file run-v6.txt (compact mmCIF, C-alpha atoms)
# COMPACT_ATOMS: atom_id res chain seq x y z
CA MET A 18 100.84 85.66 66.88
CA ILE A 19 97.81 87.57 68.06
CA ASP A 20 97.75 91.28 67.24
CA GLU A 21 98.86 93.08 70.40
CA ILE A 22 96.32 95.90 70.04
CA GLN A 23 93.44 93.42 69.85
CA LEU A 24 94.90 91.49 72.74
CA VAL A 25 95.23 94.55 74.99
CA LYS A 26 91.72 95.69 74.08
CA ALA A 27 90.28 92.28 74.89
CA VAL A 28 92.04 92.21 78.27
CA LEU A 29 90.79 95.70 79.08
CA GLU A 30 87.27 94.58 78.23
CA GLY A 31 87.63 91.94 80.93
CA ASP A 32 88.42 88.90 78.82
CA ASP A 33 90.44 86.59 81.11
CA ARG A 34 91.30 84.19 78.31
CA ALA A 35 92.92 87.05 76.40
CA PHE A 36 95.11 87.78 79.40
CA GLU A 37 96.02 84.11 79.64
CA ASP A 38 97.06 84.31 75.98
CA LEU A 39 99.10 87.40 76.75
CA VAL A 40 100.85 85.55 79.58
CA ARG A 41 101.63 82.60 77.32
CA GLN A 42 102.91 84.93 74.59
CA TYR A 43 105.27 86.92 76.82
CA GLU A 44 106.23 84.45 79.57
CA LYS A 45 109.42 83.48 77.72
CA LEU A 46 110.51 87.11 77.47
CA VAL A 47 109.98 87.65 81.20
CA PHE A 48 111.67 84.39 82.20
CA HIS A 49 114.62 85.05 79.86
CA ILE A 50 115.27 88.36 81.64
CA LEU A 51 114.63 86.95 85.13
CA ASN A 52 116.88 83.97 84.46
CA ARG A 53 119.92 86.29 84.30
CA PHE A 54 119.29 87.80 87.74
CA ILE A 55 117.39 85.40 89.97
CA PRO A 56 119.12 82.09 90.63
CA ASN A 57 116.35 80.51 92.65
CA ASN A 58 113.59 78.86 90.59
CA GLU A 59 110.82 79.46 93.14
CA GLN A 60 111.76 83.13 93.51
CA LYS A 61 111.93 83.43 89.75
CA GLU A 62 108.43 82.05 89.30
CA ASP A 63 107.11 84.24 92.08
CA LEU A 64 108.63 87.35 90.51
CA ALA A 65 107.32 86.37 87.07
CA GLN A 66 103.83 86.13 88.56
CA GLU A 67 104.34 89.53 90.19
CA VAL A 68 105.36 90.98 86.81
CA PHE A 69 102.21 89.68 85.13
CA ILE A 70 99.98 90.91 87.97
CA LYS A 71 101.54 94.37 87.57
CA ILE A 72 100.96 94.14 83.82
CA TYR A 73 97.31 93.26 84.44
CA GLN A 74 96.84 96.11 86.89
CA ARG A 75 98.61 98.73 84.75
CA LEU A 76 97.54 97.68 81.28
CA LYS A 77 95.03 100.51 81.11
CA THR A 78 97.96 102.96 81.32
CA PHE A 79 99.65 101.41 78.24
CA ARG A 80 99.38 103.96 75.44
CA PHE A 81 100.95 102.01 72.56
CA GLN A 82 103.83 104.50 72.43
CA SER A 83 106.20 101.55 72.44
CA LYS A 84 105.89 97.87 71.61
CA LEU A 85 104.07 95.82 74.22
CA SER A 86 107.22 93.69 74.63
CA THR A 87 109.25 96.83 75.47
CA TRP A 88 106.67 97.85 78.05
CA ILE A 89 106.65 94.35 79.56
CA GLY A 90 110.48 94.40 79.54
CA LYS A 91 110.41 97.67 81.46
CA ILE A 92 108.05 96.28 84.10
CA THR A 93 110.25 93.19 84.42
CA TYR A 94 113.38 95.34 84.74
CA LEU A 95 111.82 97.53 87.44
CA THR A 96 110.53 94.50 89.32
CA ILE A 97 114.02 92.97 89.31
CA VAL A 98 115.63 96.22 90.49
CA ASP A 99 113.03 96.53 93.28
CA HIS A 100 113.57 92.92 94.30
CA LEU A 101 117.36 93.22 94.35
CA LYS A 102 117.22 96.51 96.27
CA LYS A 103 114.80 95.01 98.78
CA HIS A 104 117.22 92.17 99.39
CA ASN A 105 120.29 94.48 99.37
CA ALA A 106 121.64 92.53 96.47
CA PHE A 107 121.70 95.18 93.76
CA GLU A 108 125.47 95.20 93.46
CA MET A 109 126.26 91.71 94.50
CA VAL A 110 123.92 89.10 93.08
CA ASN A 111 126.34 86.50 92.01
CA PHE A 112 125.67 83.05 90.85
CA GLU A 113 128.00 80.27 91.75
CA ASP A 114 131.03 80.64 89.51
CA THR A 115 131.65 77.17 88.21
CA SER A 116 133.71 78.33 85.25
CA GLU A 117 136.84 76.77 86.66
CA LEU A 118 135.17 73.39 86.56
CA HIS A 119 134.36 73.54 82.86
CA HIS A 120 136.83 72.68 80.15
CA TYR A 121 135.15 73.27 76.85
CA THR A 122 137.47 72.65 73.97
CA PHE A 123 136.50 71.64 70.50
CA GLU A 124 139.85 69.84 70.14
CA ASN A 125 139.05 67.24 72.74
CA PRO A 126 136.17 65.04 71.57
CA GLU A 127 135.62 63.72 75.05
CA CYS A 128 134.88 67.19 76.26
CA VAL A 129 132.57 68.27 73.49
CA LEU A 130 129.40 68.84 75.39
CA VAL A 131 125.89 68.96 74.13
CA GLN A 132 124.63 72.42 73.25
CA LYS A 133 122.44 72.52 76.33
CA ASP A 134 125.43 72.22 78.65
CA LEU A 135 127.30 74.85 76.67
CA SER A 136 124.33 77.16 77.01
CA ARG A 137 124.32 76.53 80.73
CA PHE A 138 127.97 77.51 80.89
CA ILE A 139 127.48 80.67 78.80
CA ASN A 140 124.56 81.52 81.06
CA GLU A 141 126.80 81.16 84.11
CA ALA A 142 129.45 83.36 82.49
CA ILE A 143 126.83 86.07 81.86
CA GLN A 144 125.45 85.72 85.35
CA ASN A 145 128.83 86.54 86.82
CA LEU A 146 129.02 89.90 85.04
CA PRO A 147 128.09 93.10 86.91
CA ILE A 148 124.32 93.68 86.97
CA ASN A 149 124.19 96.68 84.60
CA LEU A 150 126.29 94.96 81.95
CA ARG A 151 124.29 91.77 82.34
CA MET A 152 121.05 93.69 81.88
CA VAL A 153 122.20 95.37 78.66
CA LEU A 154 123.64 92.15 77.20
CA THR A 155 120.43 90.28 78.01
CA LEU A 156 118.13 92.92 76.59
CA TYR A 157 120.21 93.56 73.46
CA HIS A 158 121.29 90.08 72.46
CA LEU A 159 118.86 87.71 74.10
CA ASN A 160 115.66 89.69 73.88
CA GLU A 161 116.82 91.54 70.75
CA PHE A 162 115.73 94.99 71.87
CA SER A 163 117.19 98.01 70.06
CA TYR A 164 119.23 100.73 71.81
CA LYS A 165 116.14 102.95 71.81
CA GLU A 166 114.02 100.22 73.37
CA ILE A 167 116.65 99.53 76.04
CA GLU A 168 116.70 103.27 76.74
CA THR A 169 112.92 103.11 77.30
CA ILE A 170 113.22 100.06 79.52
CA THR A 171 116.13 101.12 81.72
CA GLY A 172 116.04 104.90 81.43
CA TRP A 173 119.78 104.97 80.67
CA PRO A 174 121.07 107.20 77.85
CA GLU A 175 122.13 105.52 74.62
CA GLY A 176 125.82 106.25 75.30
CA THR A 177 125.68 104.42 78.62
CA ILE A 178 123.93 101.48 76.99
CA LYS A 179 126.59 101.23 74.27
CA SER A 180 129.34 101.53 76.84
CA HIS A 181 127.78 98.80 79.02
CA LEU A 182 127.32 96.60 75.98
CA PHE A 183 130.92 97.13 74.94
CA ARG A 184 132.29 96.38 78.40
CA GLY A 185 129.90 93.47 78.91
CA ARG A 186 130.98 91.85 75.66
CA ARG A 187 134.66 92.34 76.50
CA MET A 188 134.24 90.77 79.93
CA LEU A 189 132.19 87.91 78.52
CA LYS A 190 134.78 87.32 75.83
CA GLU A 191 137.50 87.17 78.47
CA LYS A 192 135.53 84.63 80.47
CA LEU A 193 134.92 82.51 77.39
CA LYS A 194 138.56 82.81 76.28
CA ASN A 195 139.69 81.48 79.63
CA LEU A 196 137.65 78.40 78.90
CA SER A 197 139.13 77.92 75.46
CA TYR A 198 135.75 78.56 73.89
CA LEU A 199 137.13 81.23 71.58
CA ARG A 200 140.57 79.81 70.97
CA MET B 22 118.42 115.16 84.47
CA LYS B 23 121.12 115.13 87.12
CA GLU B 24 121.23 111.34 87.00
CA LYS B 25 121.50 111.50 83.20
CA ASN B 26 124.52 113.80 83.47
CA ILE B 27 126.16 111.50 86.00
CA ASN B 28 125.54 108.54 83.69
CA LYS B 29 127.03 110.49 80.78
CA PHE B 30 130.05 111.44 82.81
CA GLN B 31 130.51 107.86 83.93
CA THR B 32 130.32 106.68 80.33
CA TYR B 33 132.92 109.20 79.18
CA ARG B 34 135.16 108.16 82.05
CA GLU B 35 134.76 104.49 81.18
CA ASN B 36 135.59 105.11 77.55
CA ALA B 37 138.55 107.27 78.52
CA ALA B 38 139.79 104.43 80.70
CA ASN B 39 139.58 102.14 77.70
CA ASP B 40 141.34 104.76 75.53
CA LEU B 41 138.61 104.54 72.92
CA THR B 42 136.62 107.12 71.05
CA TRP B 43 132.91 106.76 70.47
CA GLU B 44 133.58 105.84 66.84
CA GLU B 45 135.86 103.02 67.95
CA VAL B 46 133.29 101.78 70.45
CA ASP B 47 130.62 101.85 67.72
CA ALA B 48 132.89 100.05 65.27
CA GLU B 49 133.74 97.33 67.79
CA LEU B 50 130.07 96.88 68.65
CA GLN B 51 129.35 96.37 64.95
CA ASN B 52 132.36 94.10 64.42
CA ASP B 53 131.42 91.22 66.64
CA VAL B 54 127.69 91.43 66.25
CA ALA B 55 127.38 88.19 64.27
CA PHE B 56 129.41 86.23 66.83
CA TYR B 57 127.29 87.41 69.75
CA GLN B 58 124.06 86.89 67.86
CA GLN B 59 125.10 83.30 67.24
CA LEU B 60 126.23 82.85 70.84
CA PHE B 61 123.01 84.19 72.31
CA LYS B 62 120.84 82.41 69.76
CA GLY B 63 122.30 79.13 70.98
CA LEU B 64 121.62 80.19 74.54
CA LYS B 65 118.06 81.24 73.73
CA ASP B 66 117.27 78.03 71.88
CA HIS B 67 118.67 75.65 74.46
CA GLU B 68 118.26 77.40 77.75
CA ASP B 69 116.09 75.66 80.28
CA LEU B 70 113.76 78.39 81.49
CA ASN B 71 111.88 76.12 83.93
CA ILE B 72 108.54 77.71 83.09
CA PRO B 73 105.83 75.66 84.80
CA HIS B 74 103.37 74.25 82.25
CA ASP B 75 100.48 75.80 84.17
CA PHE B 76 102.16 79.18 84.71
CA SER B 77 99.40 81.19 83.01
CA LYS B 78 96.77 79.38 85.13
CA LYS B 79 98.72 80.23 88.30
CA VAL B 80 98.86 83.89 87.28
CA MET B 81 95.12 83.91 86.61
CA THR B 82 94.46 82.32 90.03
CA ARG B 83 96.43 85.09 91.72
CA ILE B 84 94.67 87.76 89.67
CA LYS B 85 91.25 86.32 90.54
CA ALA B 86 92.24 86.21 94.21
CA SER B 87 93.29 89.85 94.05
CA ARG B 88 89.85 90.78 92.74
CA VAL B 89 88.19 89.63 95.98
CA TRP B 90 87.19 92.73 97.89
CA ARG B 91 89.18 93.39 101.02
CA PRO B 92 88.35 96.29 103.29
CA SER B 93 90.87 99.08 103.19
CA TRP B 94 92.11 100.89 106.31
CA PHE B 95 89.84 103.76 105.33
CA PHE B 96 86.87 101.40 105.54
CA TYR B 97 87.77 100.48 109.12
CA PHE B 98 88.31 104.12 109.96
CA ALA B 99 84.95 105.10 108.47
CA CYS B 100 83.17 102.28 110.36
CA ILE B 101 84.69 103.37 113.65
CA MET B 102 83.86 106.99 113.02
CA ILE B 103 80.25 106.14 112.12
CA GLY B 104 80.01 103.94 115.20
CA PHE B 105 81.42 106.72 117.31
CA LEU B 106 78.96 109.20 115.81
CA ILE B 107 75.96 106.91 116.43
CA PHE B 108 77.14 106.32 119.98
CA GLY B 109 77.56 110.06 120.54
CA LEU B 110 74.21 110.93 119.00
CA GLY B 111 72.50 108.22 121.00
CA LEU B 112 74.06 109.52 124.14
CA VAL B 113 73.12 113.11 123.43
CA CYS B 114 69.57 112.23 122.39
CA SER B 115 68.95 109.91 125.31
CA THR B 116 70.29 112.49 127.72
CA ALA B 117 68.15 115.22 126.13
CA LEU B 118 65.05 113.05 126.10
CA ASN B 119 65.81 111.80 129.56
CA VAL B 120 65.30 108.17 128.54
CA VAL B 121 68.41 106.79 130.19
CA PRO B 122 67.46 105.38 133.56
CA ILE B 123 70.81 106.24 135.09
CA SER B 124 71.95 109.81 135.05
CA ILE B 125 74.85 110.43 132.61
CA ASN B 126 76.65 113.69 132.83
CA LEU B 127 77.70 114.71 129.31
CA HIS B 128 80.67 116.65 130.68
CA ASP B 129 81.96 113.49 132.31
CA VAL B 130 81.70 111.65 129.01
CA LEU B 131 83.47 114.43 127.14
CA ALA B 132 86.21 114.42 129.74
CA TYR B 133 87.03 110.92 128.54
CA LYS B 134 87.24 111.91 124.88
CA GLY B 135 91.04 111.69 125.05
CA VAL B 136 90.74 108.03 125.97
CA PHE B 137 88.27 107.49 123.12
CA ILE B 138 90.51 109.20 120.62
CA PHE B 139 93.46 107.15 121.86
CA ILE B 140 91.54 103.87 121.48
CA VAL B 141 90.14 104.78 118.07
CA THR B 142 93.52 105.97 116.74
CA GLY B 143 95.20 102.86 118.06
CA PHE B 144 92.63 100.61 116.47
CA VAL B 145 92.86 102.43 113.14
CA LEU B 146 96.66 102.24 113.16
CA ILE B 147 96.58 98.53 113.96
CA GLN B 148 94.15 97.93 111.10
CA PHE B 149 96.25 100.08 108.78
CA PHE B 150 99.50 98.23 109.46
CA ASP B 151 97.74 94.87 109.49
CA HIS B 152 96.36 95.67 106.06
CA LYS B 153 99.79 96.78 104.85
CA PHE B 154 101.21 93.52 106.12
CA ILE B 155 98.57 91.51 104.25
CA ASP B 156 99.31 93.48 101.07
CA ALA B 157 103.03 92.90 101.33
CA SER B 158 102.73 89.20 102.00
CA SER B 159 100.15 88.45 99.31

call {"tool": "encode", "arguments": {"input": "run-v6.txt", "output": "structure tokens"}}
result
Amino acid sequence: MIDEIQLVKAVLEGDDRAFEDLVRQYEKLVFHILNRFIPNNEQKEDLAQEVFIKIYQRLKTFRFQSKLSTWIGKITYLTIVDHLKKHNAFEMVNFEDTSELHHYTFENPECVLVQKDLSRFINEAIQNLPINLRMVLTLYHLNEFSYKEIETITGWPEGTIKSHLFRGRRMLKEKLKNLSYLR
Amino acid sequence: MKEKNINKFQTYRENAANDLTWEEVDAELQNDVAFYQQLFKGLKDHEDLNIPHDFSKKVMTRIKASRVWRPSWFFYFACIMIGFLIFGLGLVCSTALNVVPISINLHDVLAYKGVFIFIVTGFVLIQFFDHKFIDASS
């Protein structure tokens, strides 16, 4: 892992290879967040590119007051919000709910699916949660940001974040329970 | 600040609807943390992110393309204004020096300034929106 201060300095000095390294280092973070909100692969890639172009253009404004990953998370979050607002989808981006089609039980050996399929199902369950809850769950559990970092990224107070996390987990649990995952 | 207060109010209302105190919310968030960490770890490890293998190269191509200089609307505006100024100066000088073979009445020219302003403004606006369109689509 390259030191982020060195990396940012190198990029600001005009080193393109350093920026390519930065992209490679943080592309997973960006795609993990985008994956929860943008169902279309082409759109997702396009938005990810947009995020990194914004990062490149605004890197000189980064003051190391937070971790670089938090700052990148914030840019990703704002890009997603802009995109959803532009497409009037802020409240209603829903992925196809295929939960009814899945029957994951550990009791039935025939239905024990490989971990990848299970992940796909969990992903679908998360994607059907309301956007705010989905965002907090993604940032907290998947990207492992702290409450403070999520506050920096989203601008929501800590109480709201906890409340969203609480409600998101409850709703997710319900969805998983319906599929016998937690029985 | 106002938005923060609304958020706070919303949070209190949500918790009230769940009949839980903040301590209970905190305790529940701590309770299941291991389960969710495990759940999301599995998701993180096995999720297909569909990141193209040449993603960083694609980003660099777009960044390099964005570095190519493109005239701004101000550039067009400045060009037109300079052109207009040169034309005006030329007209004034040639009239003063009497070098124009045909007689041009400056008052007649100035009478058409409204038309000039209209054309120039129209051209500038077209360039401005055209440029905006290019920006949005790139």

call {"tool": "interface_residues", "arguments": {"input": "run-v6.txt", "of": "chain A", "to": "chain B", "cutoff": "6 Å", "atoms": "only C-alpha atoms", "output": "list in words"}}
result
Glu37, Val40, Gln66, Lys133, Ser136, Leu159 and Thr177 of chain A

call {"tool": "atom_distance", "arguments": {"input": "run-v6.txt", "atom1": "CA of Met188 in chain A", "atom2": "CA of Asn140 in chain A"}}
result
13.4 Å

call {"tool": "atom_distance", "arguments": {"input": "run-v6.txt", "atom1": "CA of Leu154 in chain A", "atom2": "CA of Asn52 in chain B"}}
result
15.6 Å

call {"tool": "residues_near_point", "arguments": {"input": "run-v6.txt", "point": "(103.8, 85.9, 72.6)", "cutoff": "12 Å", "atoms": "only C-alpha atoms", "output": "list of chain:residue names"}}
result
A:Met18, A:Ile19, A:Asp20, A:Glu21, A:Leu24, A:Ala35, A:Phe36, A:Glu37, A:Asp38, A:Leu39, A:Val40, A:Arg41, A:Gln42, A:Tyr43, A:Glu44, A:Lys45, A:Leu46, A:Val47, A:Leu85, A:Ser86, A:Ile89

call {"tool": "atom_distance", "arguments": {"input": "run-v6.txt", "atom1": "CA of Leu146 in chain B", "atom2": "CA of Tyr97 in chain B"}}
result
9.9 Å

call {"tool": "closest_residue", "arguments": {"input": "run-v6.txt", "among": "A:Val25, A:Ile70, A:Tyr164, A:Gln144", "to": "Pro56 in chain A", "atoms": "only C-alpha atoms"}}
result
A:Gln144

call {"tool": "residues_around", "arguments": {"input": "run-v6.txt", "residues": "Asn160 in chain A", "least_positions_apart": "4", "cutoff": "8 Å", "atoms": "all atoms listed in the file", "output": "MDAnalysis selection string"}}
result
chainID A and resid 46 49:50 155:156

call {"tool": "residues_around", "arguments": {"input": "run-v6.txt", "residues": "Phe144 in chain B", "least_positions_apart": "6", "cutoff": "10 Å", "atoms": "only C-alpha atoms", "output": "list of chain:residue names"}}
result
B:Tyr97, B:Phe98, B:Ile101, B:Ile138

call {"tool": "axis_aligned_box", "arguments": {"input": "run-v6.txt", "around": "range 174-193 of chain A", "padding_each_side": "5 Å", "output": "AutoDock Vina command-line options"}}
result
--center_x 129.3 --center_y 94.9 --center_z 77.4 --size_x 26.4 --size_y 34.7 --size_z 16.2
